[in-house]
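A quick write-up on the structure given underneath.
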Amino acid sequence: MADTLHLRCRSGTWYYVRRVPKLLVPIIGKEFIKHSLNTKDKAQAKKLRPLEDMRADAQFVAAENQLAQLSSPQIAIKTPSLDELIKRFAFNLRHIRRL
């Protein structure tokens, strides 16, 4: 993973920036998810990134489900199970601890 994947520093403050998949832009209403991490410390921003990634992923899954309902009731998009989400969270915690 790139050192600053999904992170941008602007005027000394770190921001989380992630492109919304093109298919989901009409549902989410914007091309990028962008918000301040309220820190000027790069290390702190890197620690916050996994949580922000999980939030963005959850937003994308919700938008995919909404799109599937709008498109056709026969289309089913796999949503992560609770076990999958816990595994992702545990992986992200291990990643944070290595920083």
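Just remember, in the structure tokens the first chain shown is A, the second B, etc., residues are 1-based per chain, and ligands are 1-based in the order shown.
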
| field | Exercise: range 51-55 of chain A partners within 9 Å, only C-alpha atoms, chain neighbours under 2 positions left out, as JSON, numbers by chain | value | {"A": [6, 16, 18, 47, 48, 49, 57, 58, 59, 60, 85, 88, 89, 92]}

Selection file, N, CA and C atoms, as a PDB file, in the first residue's frame:
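For reference, out01.pdb as written:
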```pdb
ATOM      1  N   HIS A   6      -4.999   7.446  -0.401  1.00  0.00           N
ATOM      2  CA  HIS A   6      -6.232   8.109   0.028  1.00  0.00           C
ATOM      3  C   HIS A   6      -5.988   9.274   0.993  1.00  0.00           C
ATOM      4  N   TYR A  16      -8.747  12.928   3.968  1.00  0.00           N
ATOM      5  CA  TYR A  16      -9.037  11.628   3.365  1.00  0.00           C
ATOM      6  C   TYR A  16      -9.725  11.920   2.035  1.00  0.00           C
ATOM      7  N   ARG A  18     -11.021   9.910  -1.564  1.00  0.00           N
ATOM      8  CA  ARG A  18     -11.192   8.637  -2.271  1.00  0.00           C
ATOM      9  C   ARG A  18     -12.196   8.815  -3.402  1.00  0.00           C
ATOM     10  N   LYS A  47      -2.858   6.451  10.687  1.00  0.00           N
ATOM     11  CA  LYS A  47      -3.581   5.599  11.631  1.00  0.00           C
ATOM     12  C   LYS A  47      -5.093   5.705  11.434  1.00  0.00           C
ATOM     13  N   LEU A  48      -5.575   6.857  11.004  1.00  0.00           N
ATOM     14  CA  LEU A  48      -7.004   7.061  10.790  1.00  0.00           C
ATOM     15  C   LEU A  48      -7.495   6.479   9.464  1.00  0.00           C
ATOM     16  N   ARG A  49      -6.571   6.302   8.526  1.00  0.00           N
ATOM     17  CA  ARG A  49      -6.952   5.849   7.178  1.00  0.00           C
ATOM     18  C   ARG A  49      -7.734   4.538   7.150  1.00  0.00           C
ATOM     19  N   ASP A  57     -15.993   2.085   2.276  1.00  0.00           N
ATOM     20  CA  ASP A  57     -16.438   0.792   1.759  1.00  0.00           C
ATOM     21  C   ASP A  57     -17.899   0.536   2.121  1.00  0.00           C
ATOM     22  N   ALA A  58     -18.270   0.853   3.354  1.00  0.00           N
ATOM     23  CA  ALA A  58     -19.658   0.662   3.780  1.00  0.00           C
ATOM     24  C   ALA A  58     -20.600   1.553   2.970  1.00  0.00           C
ATOM     25  N   GLN A  59     -20.161   2.770   2.700  1.00  0.00           N
ATOM     26  CA  GLN A  59     -20.979   3.689   1.891  1.00  0.00           C
ATOM     27  C   GLN A  59     -21.133   3.139   0.471  1.00  0.00           C
ATOM     28  N   PHE A  60     -20.059   2.566  -0.077  1.00  0.00           N
ATOM     29  CA  PHE A  60     -20.124   1.998  -1.420  1.00  0.00           C
ATOM     30  C   PHE A  60     -21.060   0.785  -1.464  1.00  0.00           C
ATOM     31  N   LEU A  85     -16.580  -8.426   7.939  1.00  0.00           N
ATOM     32  CA  LEU A  85     -16.293  -7.089   8.460  1.00  0.00           C
ATOM     33  C   LEU A  85     -15.368  -7.159   9.667  1.00  0.00           C
ATOM     34  N   ARG A  88     -11.866  -7.842   8.436  1.00  0.00           N
ATOM     35  CA  ARG A  88     -11.271  -6.620   7.870  1.00  0.00           C
ATOM     36  C   ARG A  88     -10.827  -5.674   8.978  1.00  0.00           C
ATOM     37  N   PHE A  89     -11.687  -5.539   9.992  1.00  0.00           N
ATOM     38  CA  PHE A  89     -11.364  -4.655  11.105  1.00  0.00           C
ATOM     39  C   PHE A  89     -10.113  -5.150  11.827  1.00  0.00           C
ATOM     40  N   ASN A  92      -7.093  -4.386   9.794  1.00  0.00           N
ATOM     41  CA  ASN A  92      -6.758  -2.972   9.870  1.00  0.00           C
ATOM     42  C   ASN A  92      -6.126  -2.619  11.219  1.00  0.00           C
TER      43      ASN A  92
END
```

| task | Could you check which of A:Thr79, A:Lys46, A:Val17, A:Lys40 is closest to Asn65 in chain A, using only C-alpha atoms? | result |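 Nearest candidate to Asn65 in chain A out of A:Thr79, A:Lys46, A:Val17, A:Lys40: A:Thr79.
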
| field | Filtered DSSP result for chain A, state alpha helix (DSSP H), as a VMD selection string | value | chain A and resid 25 to 28 42 to 71 82 to 98

Save out the residues we just selected, C-alpha atoms, as an mmCIF file, in the first residue's frame.
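What ended up in out.cif:
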```
data_model
loop_
_atom_site.group_PDB
_atom_site.id
_atom_site.type_symbol
_atom_site.label_atom_id
_atom_site.label_comp_id
_atom_site.auth_asym_id
_atom_site.auth_seq_id
_atom_site.Cartn_x
_atom_site.Cartn_y
_atom_site.Cartn_z
ATOM 1 C CA VAL A 25 -21.641 8.521 -8.524
ATOM 2 C CA PRO A 26 -25.369 9.037 -9.312
ATOM 3 C CA ILE A 27 -26.331 7.339 -6.033
ATOM 4 C CA ILE A 28 -23.707 8.977 -3.793
ATOM 5 C CA LYS A 42 1.105 12.419 8.952
ATOM 6 C CA ALA A 43 1.472 9.444 11.311
ATOM 7 C CA GLN A 44 -1.914 10.177 12.885
ATOM 8 C CA ALA A 45 -3.500 10.511 9.436
ATOM 9 C CA LYS A 46 -2.074 7.114 8.482
ATOM 10 C CA LYS A 47 -3.581 5.599 11.631
ATOM 11 C CA LEU A 48 -7.004 7.061 10.790
ATOM 12 C CA ARG A 49 -6.952 5.849 7.178
ATOM 13 C CA PRO A 50 -8.107 2.226 7.786
ATOM 14 C CA LEU A 51 -11.197 3.414 9.642
ATOM 15 C CA GLU A 52 -11.984 5.903 6.870
ATOM 16 C CA ASP A 53 -11.483 3.134 4.290
ATOM 17 C CA MET A 54 -14.030 0.989 6.133
ATOM 18 C CA ARG A 55 -16.504 3.889 6.250
ATOM 19 C CA ALA A 56 -16.103 4.517 2.519
ATOM 20 C CA ASP A 57 -16.438 0.792 1.759
ATOM 21 C CA ALA A 58 -19.658 0.662 3.780
ATOM 22 C CA GLN A 59 -20.979 3.689 1.891
ATOM 23 C CA PHE A 60 -20.124 1.998 -1.420
ATOM 24 C CA VAL A 61 -21.864 -1.244 -0.396
ATOM 25 C CA ALA A 62 -24.984 0.683 0.626
ATOM 26 C CA ALA A 63 -24.964 2.534 -2.707
ATOM 27 C CA GLU A 64 -24.484 -0.744 -4.607
ATOM 28 C CA ASN A 65 -27.485 -2.229 -2.805
ATOM 29 C CA GLN A 66 -29.558 0.839 -3.577
ATOM 30 C CA LEU A 67 -28.496 0.680 -7.218
ATOM 31 C CA ALA A 68 -29.392 -3.011 -7.359
ATOM 32 C CA GLN A 69 -32.861 -2.303 -5.983
ATOM 33 C CA LEU A 70 -33.377 0.492 -8.508
ATOM 34 C CA SER A 71 -32.030 -1.503 -11.445
ATOM 35 C CA LEU A 82 -20.440 -9.660 9.942
ATOM 36 C CA ASP A 83 -17.568 -12.176 10.004
ATOM 37 C CA GLU A 84 -15.988 -10.560 6.928
ATOM 38 C CA LEU A 85 -16.293 -7.089 8.460
ATOM 39 C CA ILE A 86 -14.717 -8.307 11.717
ATOM 40 C CA LYS A 87 -11.841 -9.890 9.781
ATOM 41 C CA ARG A 88 -11.271 -6.620 7.870
ATOM 42 C CA PHE A 89 -11.364 -4.655 11.105
ATOM 43 C CA ALA A 90 -8.866 -7.027 12.754
ATOM 44 C CA PHE A 91 -6.583 -6.767 9.716
ATOM 45 C CA ASN A 92 -6.758 -2.972 9.870
ATOM 46 C CA LEU A 93 -5.990 -3.000 13.602
ATOM 47 C CA ARG A 94 -2.883 -5.115 12.980
ATOM 48 C CA HIS A 95 -1.877 -2.673 10.243
ATOM 49 C CA ILE A 96 -2.341 0.303 12.579
ATOM 50 C CA ARG A 97 -0.248 -1.311 15.313
ATOM 51 C CA ARG A 98 2.652 -1.713 12.868
#
```

| Neighbours of His35 in chain A within 9 Å (only C-alpha atoms; same-chain residues fewer than 2 positions away dropped), as a list in words? | Trp14, Tyr15, Tyr16, Val17, Ile33, Leu37 and Asn38 of chain A

May I have the selected residues written with C-alpha atoms, as a PDB file, in the first residue's frame?
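What ended up in selection34.pdb:
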```pdb
ATOM      1  CA  TRP A  14      -4.390  15.948   6.240  1.00  0.00           C
ATOM      2  CA  TYR A  15      -7.503  14.961   4.297  1.00  0.00           C
ATOM      3  CA  TYR A  16      -9.037  11.628   3.365  1.00  0.00           C
ATOM      4  CA  VAL A  17      -9.750  11.587  -0.397  1.00  0.00           C
ATOM      5  CA  ILE A  33     -15.292  11.403  -0.824  1.00  0.00           C
ATOM      6  CA  LEU A  37      -8.931  14.232   9.286  1.00  0.00           C
ATOM      7  CA  ASN A  38      -8.392  17.211  11.615  1.00  0.00           C
TER       8      ASN A  38
END
```

| Out of range 3-72 of chain A, which residues get strand (DSSP E) from DSSP, as a ChimeraX atom specification? | /A:7-10,13-19,32-36

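What separates CA of Asp3 in chain A from CA of Leu24 in chain A is a distance of 26.5 Å.
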
| field | Lys30 in chain A surroundings by only C-alpha atoms, 10 Å radius, close-in-sequence under 6 positions cut, as a PyMOL selection string | value | chain A and resi 19-22+24
